[in-house]
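**Q** Dropping in query17.txt, which is compact mmCIF, C-alpha atoms:
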```txt
# COMPACT_ATOMS: atom_id res chain seq x y z
CA MET A 23 -293.20 192.13 242.02
CA PRO A 24 -292.10 190.18 238.94
CA TRP A 25 -290.20 191.56 235.95
CA THR A 26 -292.66 192.96 233.43
CA LEU A 27 -292.31 195.10 230.33
CA GLY A 28 -295.50 196.74 229.16
CA GLY A 29 -297.35 194.21 231.30
CA ILE A 30 -295.63 191.20 229.73
CA ARG A 31 -294.03 188.84 232.16
CA ILE A 32 -290.35 188.33 231.41
CA TYR A 33 -288.15 185.97 233.39
CA VAL A 34 -285.02 188.08 233.40
CA GLN A 35 -281.77 186.16 233.52
CA GLU A 36 -279.34 189.00 232.77
CA LEU A 37 -279.76 192.75 232.88
CA GLY A 38 -277.06 195.05 231.59
CA LYS A 39 -276.46 198.72 230.76
CA GLU A 40 -274.17 200.29 228.24
CA ALA A 41 -273.23 203.96 228.33
CA GLU A 42 -270.68 205.83 226.27
CA ALA A 43 -269.01 209.22 226.27
CA ILE A 44 -268.38 210.76 222.85
CA ILE A 45 -264.77 211.91 222.91
CA PRO A 46 -263.25 212.56 219.49
CA ARG A 47 -259.52 211.96 219.23
CA LEU A 48 -257.50 214.28 217.01
CA GLN A 49 -253.91 213.69 216.08
CA PRO A 50 -251.76 216.78 215.45
CA LEU A 51 -248.32 216.60 213.87
CA ASN A 52 -245.43 215.73 216.17
CA GLY A 53 -247.38 215.89 219.41
CA GLY A 54 -249.70 213.70 221.41
CA THR A 55 -253.36 212.91 220.84
CA VAL A 56 -255.86 215.65 221.64
CA HIS A 57 -259.22 214.74 223.16
CA GLN A 58 -262.35 216.87 222.77
CA ILE A 59 -265.50 216.20 224.74
CA TYR A 60 -268.60 216.29 222.54
CA GLY A 61 -271.14 214.71 224.89
CA TYR A 62 -272.40 211.33 225.98
CA GLN A 63 -274.92 208.70 225.02
CA ASP A 64 -277.67 207.94 227.51
CA PRO A 65 -277.42 204.38 228.84
CA ILE A 66 -278.86 201.56 226.76
CA THR A 67 -280.52 198.78 228.76
CA MET A 68 -280.15 195.21 227.54
CA LEU A 69 -281.88 192.23 229.02
CA LYS A 70 -281.82 188.52 228.41
CA GLY A 71 -284.65 186.39 229.65
CA LEU A 72 -287.49 184.02 228.96
CA VAL A 73 -290.98 184.71 227.72
CA VAL A 74 -293.56 181.98 227.99
CA GLY A 75 -296.25 181.68 225.35
CA SER A 76 -296.56 182.78 221.74
CA GLY A 77 -299.16 185.39 222.68
CA ASP A 78 -296.77 187.25 224.99
CA MET A 79 -294.00 186.87 222.44
CA LEU A 80 -296.10 188.47 219.71
CA ARG A 81 -297.16 191.27 222.04
CA LEU A 82 -293.55 191.95 222.90
CA GLU A 83 -292.62 192.11 219.20
CA SER A 84 -295.55 194.45 218.56
CA PHE A 85 -293.89 196.96 220.91
CA LEU A 86 -291.29 197.53 218.17
CA THR A 87 -293.89 199.03 215.85
CA SER A 88 -295.93 200.91 218.42
CA GLY A 89 -293.73 204.03 218.64
CA ILE A 90 -294.64 204.47 222.31
CA GLU A 91 -292.91 203.82 225.62
CA PHE A 92 -293.60 200.92 227.96
CA ASN A 93 -293.27 200.65 231.68
CA PHE A 94 -290.50 198.38 232.91
CA ASN A 95 -290.93 196.87 236.38
CA SER A 96 -288.41 194.96 238.43
CA PRO A 97 -288.74 193.14 241.75
CA GLU A 98 -287.09 196.21 243.30
CA GLY A 99 -289.59 198.62 241.81
CA ASN A 100 -290.53 200.62 238.75
CA LEU A 101 -287.58 201.37 236.43
CA GLY A 102 -289.48 203.89 234.31
CA ASN A 103 -290.69 204.04 230.73
CA PHE A 104 -288.62 202.71 227.83
CA PHE A 105 -288.78 202.45 224.07
CA VAL A 106 -288.24 198.92 222.79
CA LYS A 107 -285.36 199.23 220.33
CA ALA A 108 -284.79 195.59 219.43
CA VAL A 109 -286.14 192.15 220.24
CA LYS A 110 -284.34 188.97 219.32
CA ASN A 111 -285.91 185.64 220.15
CA SER A 112 -285.30 181.96 219.73
CA ARG A 113 -287.68 179.23 220.73
CA SER A 114 -286.41 176.76 223.35
CA GLU A 115 -287.51 173.18 223.05
CA TYR A 116 -288.46 172.41 226.61
CA PRO A 117 -290.26 169.09 226.86
CA PHE A 118 -292.55 170.54 229.47
CA GLN A 119 -292.42 174.08 230.73
CA THR A 120 -293.03 174.65 234.43
CA ILE A 121 -292.04 178.30 234.53
CA ARG A 122 -295.54 179.62 234.14
CA GLN A 123 -297.72 177.25 236.09
CA ASP A 124 -300.76 179.23 235.05
CA MET A 125 -300.13 178.02 231.49
CA ASP A 126 -300.22 174.66 229.83
CA CYS A 127 -297.02 172.65 230.19
CA MET A 128 -296.79 172.41 226.38
CA THR A 129 -296.71 176.20 225.97
CA PRO A 130 -293.63 177.29 223.98
CA VAL A 131 -290.82 179.12 225.77
CA TYR A 132 -288.73 181.81 224.07
CA ASN A 133 -285.26 183.07 224.86
CA VAL A 134 -285.30 186.83 224.30
CA ASP A 135 -282.70 189.57 223.98
CA VAL A 136 -284.34 192.96 224.38
CA THR A 137 -282.70 196.38 223.91
CA LEU A 138 -284.37 199.32 225.61
CA TYR A 139 -283.89 203.08 225.29
CA LYS A 140 -284.96 205.32 228.13
CA ASP A 141 -286.44 208.57 226.84
CA MET B 20 -256.11 218.26 228.58
CA ALA B 21 -259.45 217.49 227.00
CA ARG B 22 -261.63 220.47 226.13
CA LYS B 23 -265.40 220.35 226.13
CA LEU B 24 -267.10 221.40 222.91
CA TYR B 25 -269.71 224.16 223.02
CA ALA B 26 -272.36 225.35 220.59
CA SER B 27 -275.28 227.71 220.96
CA ILE B 28 -277.74 228.60 218.23
CA PRO B 29 -280.92 230.39 219.32
CA ASN B 30 -284.04 228.37 218.48
CA CYS B 31 -282.01 225.21 217.78
CA SER B 32 -281.39 222.46 220.28
CA ASN B 33 -279.67 219.10 220.28
CA ILE B 34 -277.14 220.40 217.79
CA LEU B 35 -275.43 217.53 215.99
CA SER B 36 -273.05 219.34 213.68
CA ILE B 37 -272.09 222.80 212.45
CA ASN B 38 -270.13 223.77 209.37
CA VAL B 39 -269.30 227.43 208.80
CA GLN B 40 -267.27 228.55 205.82
CA ASP B 41 -266.28 231.89 204.43
CA SER B 42 -263.63 233.07 202.06
CA HIS B 43 -262.11 236.31 200.84
CA GLY B 44 -263.12 235.32 197.32
CA ALA B 45 -266.62 234.09 198.13
CA GLN B 46 -269.78 236.06 197.53
CA LEU B 47 -271.25 234.91 200.85
CA GLY B 48 -270.31 233.09 204.00
CA VAL B 49 -272.47 230.01 204.50
CA ALA B 50 -273.33 227.81 207.44
CA MET B 51 -274.85 224.35 207.61
CA ILE B 52 -276.37 223.08 210.81
CA GLU B 53 -277.74 219.68 211.69
CA CYS B 54 -279.92 219.49 214.77
CA ALA B 55 -282.72 217.43 216.28
CA THR B 56 -285.06 220.30 217.20
CA THR B 57 -285.62 223.77 215.81
CA SER B 58 -288.25 226.46 215.60
CA LEU B 59 -286.35 228.34 212.88
CA ASP B 60 -288.03 228.93 209.55
CA VAL B 61 -286.77 230.06 206.18
CA GLY B 62 -285.94 233.75 206.49
CA SER B 63 -285.28 233.62 210.24
CA ALA B 64 -282.28 235.56 211.46
CA ILE B 65 -279.63 233.29 212.93
CA THR B 66 -276.41 233.53 214.91
CA ILE B 67 -273.97 230.74 215.67
CA ASP B 68 -271.77 230.77 218.73
CA ALA B 69 -269.44 227.79 218.94
CA GLY B 70 -266.08 226.54 220.08
CA TYR B 71 -265.23 225.19 223.51
CA THR B 72 -266.82 225.86 226.88
CA ASP B 73 -263.69 227.82 227.84
CA HIS B 74 -263.34 229.63 224.51
CA HIS B 75 -266.21 230.23 222.13
CA GLN B 76 -267.43 233.16 220.09
CA ASN B 77 -269.96 234.26 217.56
CA MET B 78 -268.83 232.86 214.21
CA PHE B 79 -271.80 233.58 211.95
CA THR B 80 -274.67 236.05 211.57
CA GLY B 81 -277.14 235.68 208.75
CA TYR B 82 -280.42 234.24 207.59
CA VAL B 83 -281.88 230.76 207.15
CA LYS B 84 -282.18 229.97 203.44
CA ASN B 85 -283.16 226.31 203.39
CA ILE B 86 -284.49 223.76 205.87
CA GLU B 87 -284.61 220.06 205.19
CA ILE B 88 -286.04 217.48 207.56
CA LYS B 89 -284.65 214.00 207.19
CA GLU B 90 -286.04 210.64 208.12
CA PRO B 91 -285.45 208.14 209.57
CA GLU B 92 -283.05 210.19 211.69
CA LYS B 93 -285.69 212.95 212.13
CA THR B 94 -283.05 215.63 212.03
CA TYR B 95 -283.06 219.07 210.50
CA ALA B 96 -280.44 220.23 208.01
CA ILE B 97 -280.42 224.04 207.99
CA THR B 98 -278.53 226.04 205.39
CA CYS B 99 -277.82 229.71 206.06
CA SER B 100 -276.19 232.61 204.25
CA ASN B 101 -274.54 235.53 205.94
CA TYR B 102 -275.96 239.03 206.23
CA LEU B 103 -274.77 240.10 202.78
CA VAL B 104 -277.36 237.78 201.22
CA ARG B 105 -279.77 240.71 201.49
CA ALA B 106 -277.75 242.43 198.77
CA VAL B 107 -277.32 239.24 196.75
CA ASP B 108 -281.07 238.65 196.71
CA PHE B 109 -282.05 242.27 196.08
CA PHE B 110 -282.64 243.12 192.45
CA ILE B 111 -282.61 246.82 191.62
CA ALA B 112 -285.46 247.68 189.29
CA SER B 113 -286.99 251.12 189.09
CA THR B 114 -290.77 251.24 189.08
CA THR B 115 -290.66 253.29 185.87
CA PRO B 116 -287.97 253.00 183.19
CA THR B 117 -287.56 256.77 183.10
CA ASN B 118 -286.82 257.12 186.80
CA PRO B 119 -283.95 254.77 187.71
CA PHE B 120 -281.64 255.04 190.72
CA THR B 121 -279.11 257.73 189.77
CA ARG B 122 -276.21 259.41 191.49
CA LYS B 123 -273.81 262.13 190.38
CA ASN B 124 -270.43 263.21 191.71
CA ILE B 125 -270.46 260.56 194.41
CA LYS B 126 -267.65 258.90 196.33
CA ALA B 127 -267.36 255.14 195.87
CA GLU B 128 -268.05 254.40 199.55
CA ASP B 129 -271.16 256.58 199.48
CA LEU B 130 -272.41 254.91 196.32
CA ILE B 131 -271.98 251.49 197.95
CA HIS B 132 -273.77 252.80 201.03
CA ASP B 133 -276.74 253.98 199.00
CA VAL B 134 -276.99 250.73 197.01
CA LEU B 135 -276.75 248.59 200.15
CA ASP B 136 -279.39 250.79 201.73
CA LEU B 137 -281.79 249.76 198.97
CA ALA B 138 -281.35 246.18 200.21
CA GLY B 139 -281.99 247.24 203.80
CA ILE B 140 -278.34 246.95 204.85
CA THR B 141 -277.54 249.77 207.23
CA ASN B 142 -274.82 248.18 209.38
CA TYR B 143 -271.98 249.31 207.12
CA GLY B 144 -268.34 250.29 207.44
CA TYR B 145 -265.85 251.45 204.84
CA ASP B 146 -262.39 252.72 203.98
CA THR B 147 -262.07 256.06 202.23
CA SER B 148 -261.53 255.31 198.56
CA TYR B 149 -260.59 258.73 197.16
CA PHE B 150 -262.59 257.72 194.10
CA THR B 151 -265.43 259.92 192.91
CA PHE B 152 -267.72 258.59 190.23
CA ALA B 153 -270.01 260.32 187.76
CA ILE B 154 -268.28 263.67 187.89
CA ASN B 155 -269.53 264.69 184.46
CA ASN B 156 -272.59 262.55 183.87
CA PRO B 157 -274.97 260.88 186.31
CA LEU B 158 -274.66 257.14 186.65
CA GLU B 159 -277.72 254.93 186.59
CA VAL B 160 -278.16 251.72 188.50
CA ASN B 161 -281.03 249.59 187.24
CA LEU B 162 -281.84 245.98 186.41
CA THR B 163 -278.94 244.52 188.36
CA GLY B 164 -278.44 242.84 191.71
CA ALA B 165 -277.36 245.10 194.58
CA TYR B 166 -274.43 242.83 195.40
CA ASP B 167 -273.42 242.48 191.76
CA TYR B 168 -273.26 246.24 191.41
CA CYS B 169 -271.31 246.71 194.66
CA LYS B 170 -268.86 243.98 193.59
CA PHE B 171 -268.46 245.70 190.23
CA ILE B 172 -267.57 248.95 191.99
CA SER B 173 -265.21 247.23 194.43
CA ASP B 174 -263.43 245.44 191.56
CA ILE B 175 -262.74 248.78 189.86
CA LEU B 176 -260.97 249.93 193.01
CA ALA B 177 -259.45 246.55 193.89
CA PHE B 178 -261.41 246.86 197.16
CA SER B 179 -263.22 244.07 198.98
CA ILE B 180 -266.87 243.85 200.02
CA TYR B 181 -268.02 241.32 202.58
CA ALA B 182 -270.09 240.74 205.71
CA ASP B 183 -268.24 239.93 208.91
CA ILE B 184 -269.20 237.34 211.52
CA ASN B 185 -271.29 239.92 213.41
CA GLY B 186 -273.39 240.92 210.42
CA LYS B 187 -271.65 244.15 209.47
CA VAL B 188 -270.94 244.80 205.79
CA TRP B 189 -267.55 246.23 204.93
CA PHE B 190 -266.22 247.98 201.84
CA ILE B 191 -262.51 248.20 202.44
CA ASN B 192 -259.11 248.20 200.84
CA ARG B 193 -258.42 244.59 201.75
CA ARG B 194 -256.14 242.62 199.46
CA PRO B 195 -255.99 238.82 199.62
CA TYR B 196 -252.49 238.89 201.05
CA VAL B 197 -250.66 240.33 204.02
CA MET B 198 -250.62 244.13 203.87
CA GLY B 199 -248.66 246.70 205.83
CA GLY B 200 -250.30 247.31 209.18
CA ASP B 201 -251.82 243.83 209.51
CA THR B 202 -251.47 242.42 213.01
CA PRO B 203 -251.49 238.62 213.34
CA ILE B 204 -254.27 237.28 215.55
CA GLY B 205 -252.23 234.26 216.57
CA THR B 206 -249.28 232.00 215.98
CA ILE B 207 -249.29 228.43 214.73
CA ASN B 208 -246.01 226.73 215.50
CA GLY B 209 -245.95 223.69 213.23
CA ASP B 210 -242.48 222.76 214.52
CA ALA B 211 -243.65 222.40 218.12
CA VAL B 212 -243.33 218.95 219.65
CA VAL B 213 -245.94 219.62 222.33
CA ASN B 214 -249.23 221.46 221.85
CA ASN B 215 -248.90 221.38 218.08
CA GLU B 216 -252.27 222.26 216.58
CA ILE B 217 -251.66 221.25 212.95
CA ILE B 218 -253.39 218.05 211.83
CA ASP B 219 -252.35 218.23 208.17
CA ILE B 220 -250.71 220.82 205.96
CA ARG B 221 -249.82 221.51 202.30
CA HIS B 222 -247.89 224.30 200.64
CA SER B 223 -248.41 225.30 197.00
CA LYS B 224 -247.53 227.98 194.46
CA SER B 225 -249.49 228.77 191.31
CA ASP B 226 -249.72 231.39 188.58
CA ARG B 227 -253.43 230.68 188.14
CA ASP B 228 -254.63 234.10 189.34
CA LEU B 229 -251.66 236.08 188.08
CA ARG B 230 -252.49 238.92 185.65
CA ASN B 231 -249.74 241.31 184.57
CA LYS B 232 -251.63 243.49 182.15
CA ILE B 233 -254.75 245.46 183.08
CA ILE B 234 -256.86 247.38 180.60
CA VAL B 235 -259.60 249.67 181.82
CA TYR B 236 -262.44 250.93 179.61
CA GLY B 237 -264.46 253.87 180.86
CA THR B 238 -267.14 256.08 179.35
CA GLY B 239 -266.71 256.83 175.65
CA SER B 240 -263.02 256.90 174.75
CA VAL B 241 -261.81 256.91 178.36
CA HIS B 242 -259.30 254.12 178.85
CA ALA B 243 -256.06 253.20 180.59
CA GLU B 244 -253.54 250.41 180.71
CA ALA B 245 -250.99 249.15 183.23
CA SER B 246 -248.59 246.26 182.78
CA ALA B 247 -245.42 244.84 184.24
CA SER B 248 -243.20 241.90 183.48
CA SER B 249 -243.57 238.89 185.73
CA PRO B 250 -240.69 236.64 186.79
CA TYR B 251 -243.15 233.74 186.69
CA LEU B 252 -244.13 234.16 183.01
CA PRO B 253 -242.02 233.97 179.85
CA ALA B 254 -240.29 237.23 178.96
CA GLY B 255 -242.63 239.60 177.17
CA PHE B 256 -245.68 237.44 177.91
CA TYR B 257 -248.75 239.07 179.40
CA LYS B 258 -251.87 237.62 180.97
CA THR B 259 -254.51 240.28 180.48
CA VAL B 260 -257.68 241.23 182.30
CA VAL B 261 -260.13 243.94 181.32
CA VAL B 262 -262.07 246.17 183.71
CA ALA B 263 -265.02 247.52 181.76
CA ALA B 264 -266.78 250.35 183.53
CA PRO B 265 -268.56 252.55 181.00
CA GLY B 266 -270.89 254.99 182.68
CA VAL B 267 -268.91 254.86 185.90
CA ILE B 268 -265.33 255.83 185.06
CA ASP B 269 -265.42 259.05 183.14
CA SER B 270 -261.85 260.35 183.31
CA ASN B 271 -258.53 258.95 182.13
CA GLY B 272 -257.00 259.68 185.54
CA MET B 273 -259.57 257.53 187.29
CA ALA B 274 -259.13 254.79 184.69
CA GLN B 275 -255.36 254.84 185.23
CA ALA B 276 -255.75 254.63 188.99
CA SER B 277 -258.03 251.61 188.58
CA ALA B 278 -255.52 249.94 186.26
CA ASP B 279 -252.66 250.57 188.70
CA TYR B 280 -254.61 249.29 191.73
CA ASN B 281 -255.60 246.12 189.89
CA LEU B 282 -252.09 245.51 188.61
CA GLU B 283 -250.80 245.68 192.16
CA LEU B 284 -253.55 243.27 193.23
CA LEU B 285 -253.17 240.72 190.46
CA ASN B 286 -249.52 240.70 189.38
CA ARG B 287 -248.40 238.18 191.94
CA LEU B 288 -247.92 234.49 192.39
CA THR B 289 -250.56 232.72 194.44
CA GLU B 290 -248.59 231.16 197.25
CA SER B 291 -250.87 229.31 199.60
CA VAL B 292 -250.90 226.97 202.55
CA GLN B 293 -253.84 224.62 203.12
CA LEU B 294 -253.97 223.24 206.60
CA THR B 295 -256.31 221.67 209.11
CA VAL B 296 -255.83 222.60 212.74
CA LEU B 297 -257.53 221.89 216.03
CA GLY B 298 -260.67 224.02 215.98
CA ASN B 299 -260.17 227.67 216.86
CA PRO B 300 -263.08 230.13 216.58
CA ASP B 301 -260.61 233.04 216.36
CA TYR B 302 -259.42 231.93 212.94
CA GLN B 303 -261.66 233.91 210.60
CA PRO B 304 -261.14 235.03 207.01
CA ARG B 305 -259.38 238.35 206.38
CA GLU B 306 -257.26 238.05 209.52
CA THR B 307 -253.55 237.23 209.49
CA LEU B 308 -251.67 234.47 211.25
CA THR B 309 -248.03 233.80 211.93
CA ILE B 310 -247.14 230.25 211.02
CA THR B 311 -244.00 228.15 211.02
CA ARG B 312 -243.50 224.72 209.48
CA THR B 313 -239.84 224.49 208.65
CA ALA B 314 -240.11 221.13 206.88
CA LEU B 315 -242.31 222.73 204.18
CA GLY B 316 -240.44 226.04 204.07
CA ILE B 317 -243.33 227.94 205.67
CA SER B 318 -242.73 230.89 207.96
CA GLY B 319 -243.87 234.44 208.65
CA ASP B 320 -247.26 236.12 208.48
CA TRP B 321 -250.01 234.76 206.24
CA TYR B 322 -253.45 236.04 205.29
CA ILE B 323 -256.46 233.84 206.05
CA TYR B 324 -258.09 233.57 202.64
CA THR B 325 -260.58 230.82 203.53
CA ALA B 326 -261.70 229.40 206.86
CA GLU B 327 -264.00 226.45 207.40
CA HIS B 328 -265.08 225.45 210.90
CA MET B 329 -266.31 221.87 211.27
CA TRP B 330 -267.91 221.01 214.58
CA SER B 331 -269.43 217.57 215.12
CA ARG B 332 -269.13 214.34 217.04
CA GLU B 333 -265.95 213.78 215.04
CA GLY B 334 -264.47 216.78 216.87
CA TYR B 335 -263.91 220.45 216.14
CA THR B 336 -261.39 221.31 213.46
CA THR B 337 -260.69 224.39 211.37
CA THR B 338 -259.48 224.13 207.78
CA LEU B 339 -257.67 227.19 206.48
CA GLU B 340 -256.30 228.40 203.21
CA LEU B 341 -253.60 230.97 203.87
CA ARG B 342 -252.11 233.31 201.28
CA LYS B 343 -248.75 235.03 201.37
```
Output the file's structure as structure tokens, nothing else.

**A**
Amino acid sequence: MPWTLGGIRIYVQELGKEAEAIIPRLQPLNGGTVHQIYGYQDPITMLKGLVVGSGDMLRLESFLTSGIEFNFNSPEGNLGNFFVKAVKNSRSEYPFQTIRQDMDCMTPVYNVDVTLYKD
Amino acid sequence: MARKLYASIPNCSNILSINVQDSHGAQLGVAMIECATTSLDVGSAITIDAGYTDHHQNMFTGYVKNIEIKEPEKTYAITCSNYLVRAVDFFIASTTPTNPFTRKNIKAEDLIHDVLDLAGITNYGYDTSYFTFAINNPLEVNLTGAYDYCKFISDILAFSIYADINGKVWFINRRPYVMGGDTPIGTINGDAVVNNEIIDIRHSKSDRDLRNKIIVYGTGSVHAEASASSPYLPAGFYKTVVVAAPGVIDSNGMAQASADYNLELLNRLTESVQLTVLGNPDYQPRETLTITRTALGISGDWYIYTAEHMWSREGYTTTLELRK
């Protein structure tokens, strides 16, 4: 099963997670630092990859404005539903793309950085 | 050792921050809550239990007065007033001008009870005042707020009226300084090298609230005066305050007692300590604390005049104003 987000094929090159505990640090007089445990942030998923074709790229960007969650699939299975928090893209100037052989070799290829929040 | 923060507010979830503040001198205790989800509405009863998982307690009982929903965060900002707001919001107005609320030959604590009862406040405790009003002529209470009238009565006696954290209203002989019989609820050792809980601290003295001459006006020609010299004012100089209580004080003896009580209350320097400490839900106004910070010349028992509890992702701290 390929990597897909909301049905869009993404050629994932890097997949990372970032999680954080919220631990305020207070500094009393004389003594050492005091830690208090407030809570934690749920993990944020970040992926870098390639998207082939302007149509898929536009669809991916439209996820930002949809306000709904999208299913994220990996070769190992379904990773669940995610909100798309941010999409950064830059177009790569490949002379001829061969990543998606079902598409024309002149189809543009985009490098994408996508940030996902799991609800 | 790190301590885990705790907060519980019925009908609120995903609580982001809590701020609870109350003061001896304030009309009402107030609380501000920020949360992501709530089913509370304006007028809902509310309690706030906060602190740490290993030490938390109820720190506010009152009513929701204002709800604001904010975008883009989609969070709720809820403002609440404590139980005494019932009296603050209740305006006493008789249905006919000829039939106002009247009482005769009534003890101060009973008069306060009856006025609070008009506002639906029945959870009430008091100290015996030994003050009886309207011995000769009935007193009328009309076209005034219930709290305003109760505060007027408590000022005559130099008493205090307030609602505690559990929603009980008190009318007691509580001065804004340490009194005989006060038992400290805890000790803050600002000299400690380990486990010091003070984050910042200031010590100040002021004559701002000092009054060394009290004049009381009662019904008709009833009046009294009490004065004393103050070591903090120029010789022979008096800062005067007037207690005007026509229709309530109808004997010179009662007027003199009021003047004497208020002189004892007001003829003193305001010596205060402002400090921020690691959050402690036990630190509530009208309690006393023992505190030492030798570098600032602070020691002994102090009265908690103001307490503000701030609970958020920045941590839990308590800011206190203490009075000697």

**Q** Show me a table, sorted first by chain and then by increasing residue number, of the residues of chain A having an atom at most 7 Å from chain B, each with its shortest atom pair and the distance in Å to one decimal, counting all atoms listed in the file and written as a tab-separated table.

**A**
```
residue	atom	partner	partner_atom	distance
A:Ile44	CA	B:Arg332	CA	6.9
A:Pro46	CA	B:Gly334	CA	5.1
A:Gln49	CA	B:Ile218	CA	6.1
A:Pro50	CA	B:Ile218	CA	4.2
A:Leu51	CA	B:Ile218	CA	5.7
A:Asn52	CA	B:Val212	CA	5.2
A:Gly53	CA	B:Val213	CA	5.0
A:Val56	CA	B:Ala21	CA	6.7
A:His57	CA	B:Ala21	CA	4.7
A:Gln58	CA	B:Arg22	CA	5.0
A:Ile59	CA	B:Lys23	CA	4.4
A:Tyr60	CA	B:Leu24	CA	5.3
```

**Q** Distance atom CA of Pro65 of chain A-atom CA of Glu40 of chain A, one decimal place?

**A** 5.3 Å

**Q** If you measure from atom CA of Ser32 of chain B to atom CA of Ala43 of chain A, what distance in Å do you get, rounded to one decimal?

**A**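 Separation between atom CA of Ser32 of chain B and atom CA of Ala43 of chain A: 19.1 Å.
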
**Q** I'd like to know which of B:Gly266, B:Pro304, B:Gly139, B:Pro250 is closest to Arg105 of chain B, using all atoms listed in the file.

**A**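 Of all the options, B:Gly139 lies closest to Arg105 of chain B.
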
**Q** Would you kindly return, as a VMD selection string, each protein, DNA or RNA residue with an atom no farther than 12 Å from any atom of segment 86-95 of chain A, considering all atoms listed in the file and excluding same-chain residues fewer than 3 positions away?

**A** chain A and resid 23 to 34 67 69 79 to 83 98 to 110 136 to 141

**Q** Measure the distance from atom CA of Phe190 of chain B to atom CA of Ile52 of chain B in Å and round it to one decimal.

**A**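 Spanning atom CA of Phe190 of chain B to atom CA of Ile52 of chain B is a straight-line distance of 28.3 Å.
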
**Q** Is it possible to get the axis-aligned box enclosing segment 221-224 of chain B (all listed atoms, 4 Å extra per side) as lines of an AutoDock Vina configuration file, with centre and edge lengths in Å rounded to one decimal?

**A**
```
center_x = -248.7
center_y = 224.7
center_z = 198.4
size_x = 10.3
size_y = 14.5
size_z = 15.8
```

**Q** Quick one: residues within 12 Å of Glu115 of chain A, all atoms listed in the file, excluding same-chain residues fewer than 6 positions away - as a list in words?

**A** Val74, Cys127, Met128, Thr129, Pro130, Val131, Tyr132 and Asn133 of chain A

**Q** Using only C-alpha atoms, determine which residues lie at most 9 Å from segment 230-233 of chain B, disregarding the query and same-chain residues fewer than 6 positions distant; provide the list as an mmCIF file with C-alpha atoms, in the frame of the given file.

**A**
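Saved result, selection_3.cif, follows:
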```cif
data_model
loop_
_atom_site.group_PDB
_atom_site.id
_atom_site.type_symbol
_atom_site.label_atom_id
_atom_site.label_comp_id
_atom_site.auth_asym_id
_atom_site.auth_seq_id
_atom_site.Cartn_x
_atom_site.Cartn_y
_atom_site.Cartn_z
ATOM 1 C CA ALA B 243 -256.060 253.200 180.590
ATOM 2 C CA GLU B 244 -253.540 250.410 180.710
ATOM 3 C CA ALA B 245 -250.990 249.150 183.230
ATOM 4 C CA SER B 246 -248.590 246.260 182.780
ATOM 5 C CA ALA B 247 -245.420 244.840 184.240
ATOM 6 C CA SER B 248 -243.200 241.900 183.480
ATOM 7 C CA SER B 249 -243.570 238.890 185.730
ATOM 8 C CA PHE B 256 -245.680 237.440 177.910
ATOM 9 C CA TYR B 257 -248.750 239.070 179.400
ATOM 10 C CA LYS B 258 -251.870 237.620 180.970
ATOM 11 C CA THR B 259 -254.510 240.280 180.480
ATOM 12 C CA VAL B 260 -257.680 241.230 182.300
ATOM 13 C CA VAL B 261 -260.130 243.940 181.320
ATOM 14 C CA VAL B 262 -262.070 246.170 183.710
ATOM 15 C CA SER B 277 -258.030 251.610 188.580
ATOM 16 C CA ALA B 278 -255.520 249.940 186.260
ATOM 17 C CA ASP B 279 -252.660 250.570 188.700
ATOM 18 C CA ASN B 281 -255.600 246.120 189.890
ATOM 19 C CA LEU B 282 -252.090 245.510 188.610
ATOM 20 C CA GLU B 283 -250.800 245.680 192.160
ATOM 21 C CA LEU B 284 -253.550 243.270 193.230
ATOM 22 C CA LEU B 285 -253.170 240.720 190.460
ATOM 23 C CA ASN B 286 -249.520 240.700 189.380
ATOM 24 C CA ARG B 287 -248.400 238.180 191.940
#
```

**Q** Fewer than 3 positions away in the same chain doesn't count, so skip those; otherwise give me all residues within 10 Å of segment 310-320 of chain B, counting only C-alpha atoms, as a compact mmCIF listing (two decimals) with C-alpha atoms, in the coordinates of the input.

**A**
```txt
# COMPACT_ATOMS: atom_id res chain seq x y z
CA TYR B 196 -252.49 238.89 201.05
CA VAL B 197 -250.66 240.33 204.02
CA MET B 198 -250.62 244.13 203.87
CA ASP B 201 -251.82 243.83 209.51
CA THR B 202 -251.47 242.42 213.01
CA PRO B 203 -251.49 238.62 213.34
CA GLY B 205 -252.23 234.26 216.57
CA THR B 206 -249.28 232.00 215.98
CA ILE B 207 -249.29 228.43 214.73
CA ASN B 208 -246.01 226.73 215.50
CA GLY B 209 -245.95 223.69 213.23
CA ASP B 210 -242.48 222.76 214.52
CA ALA B 211 -243.65 222.40 218.12
CA ILE B 217 -251.66 221.25 212.95
CA ILE B 220 -250.71 220.82 205.96
CA ARG B 221 -249.82 221.51 202.30
CA HIS B 222 -247.89 224.30 200.64
CA SER B 223 -248.41 225.30 197.00
CA SER B 291 -250.87 229.31 199.60
CA VAL B 292 -250.90 226.97 202.55
CA THR B 307 -253.55 237.23 209.49
CA ILE B 323 -256.46 233.84 206.05
CA LEU B 341 -253.60 230.97 203.87
CA ARG B 342 -252.11 233.31 201.28
CA LYS B 343 -248.75 235.03 201.37
```

**Q** For Tyr102 of chain B, find every residue with an atom within 7 Å (counting only C-alpha atoms), except residues of its own chain fewer than 3 positions away, and show them as a list in words.

**A**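 So, after excluding close chain neighbours, the residues are Thr80, Gly81, Tyr82, Arg105, Ala182 and Gly186 of chain B.
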
**Q** Which residue out of A:Asp135, A:Arg113, A:Ile121, A:Gln63 has the minimum interatomic distance to Gly38 of chain A when all atoms listed in the file are used?

**A**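 When distances to Gly38 of chain A are compared using all atoms listed in the file, the smallest one comes from A:Asp135.
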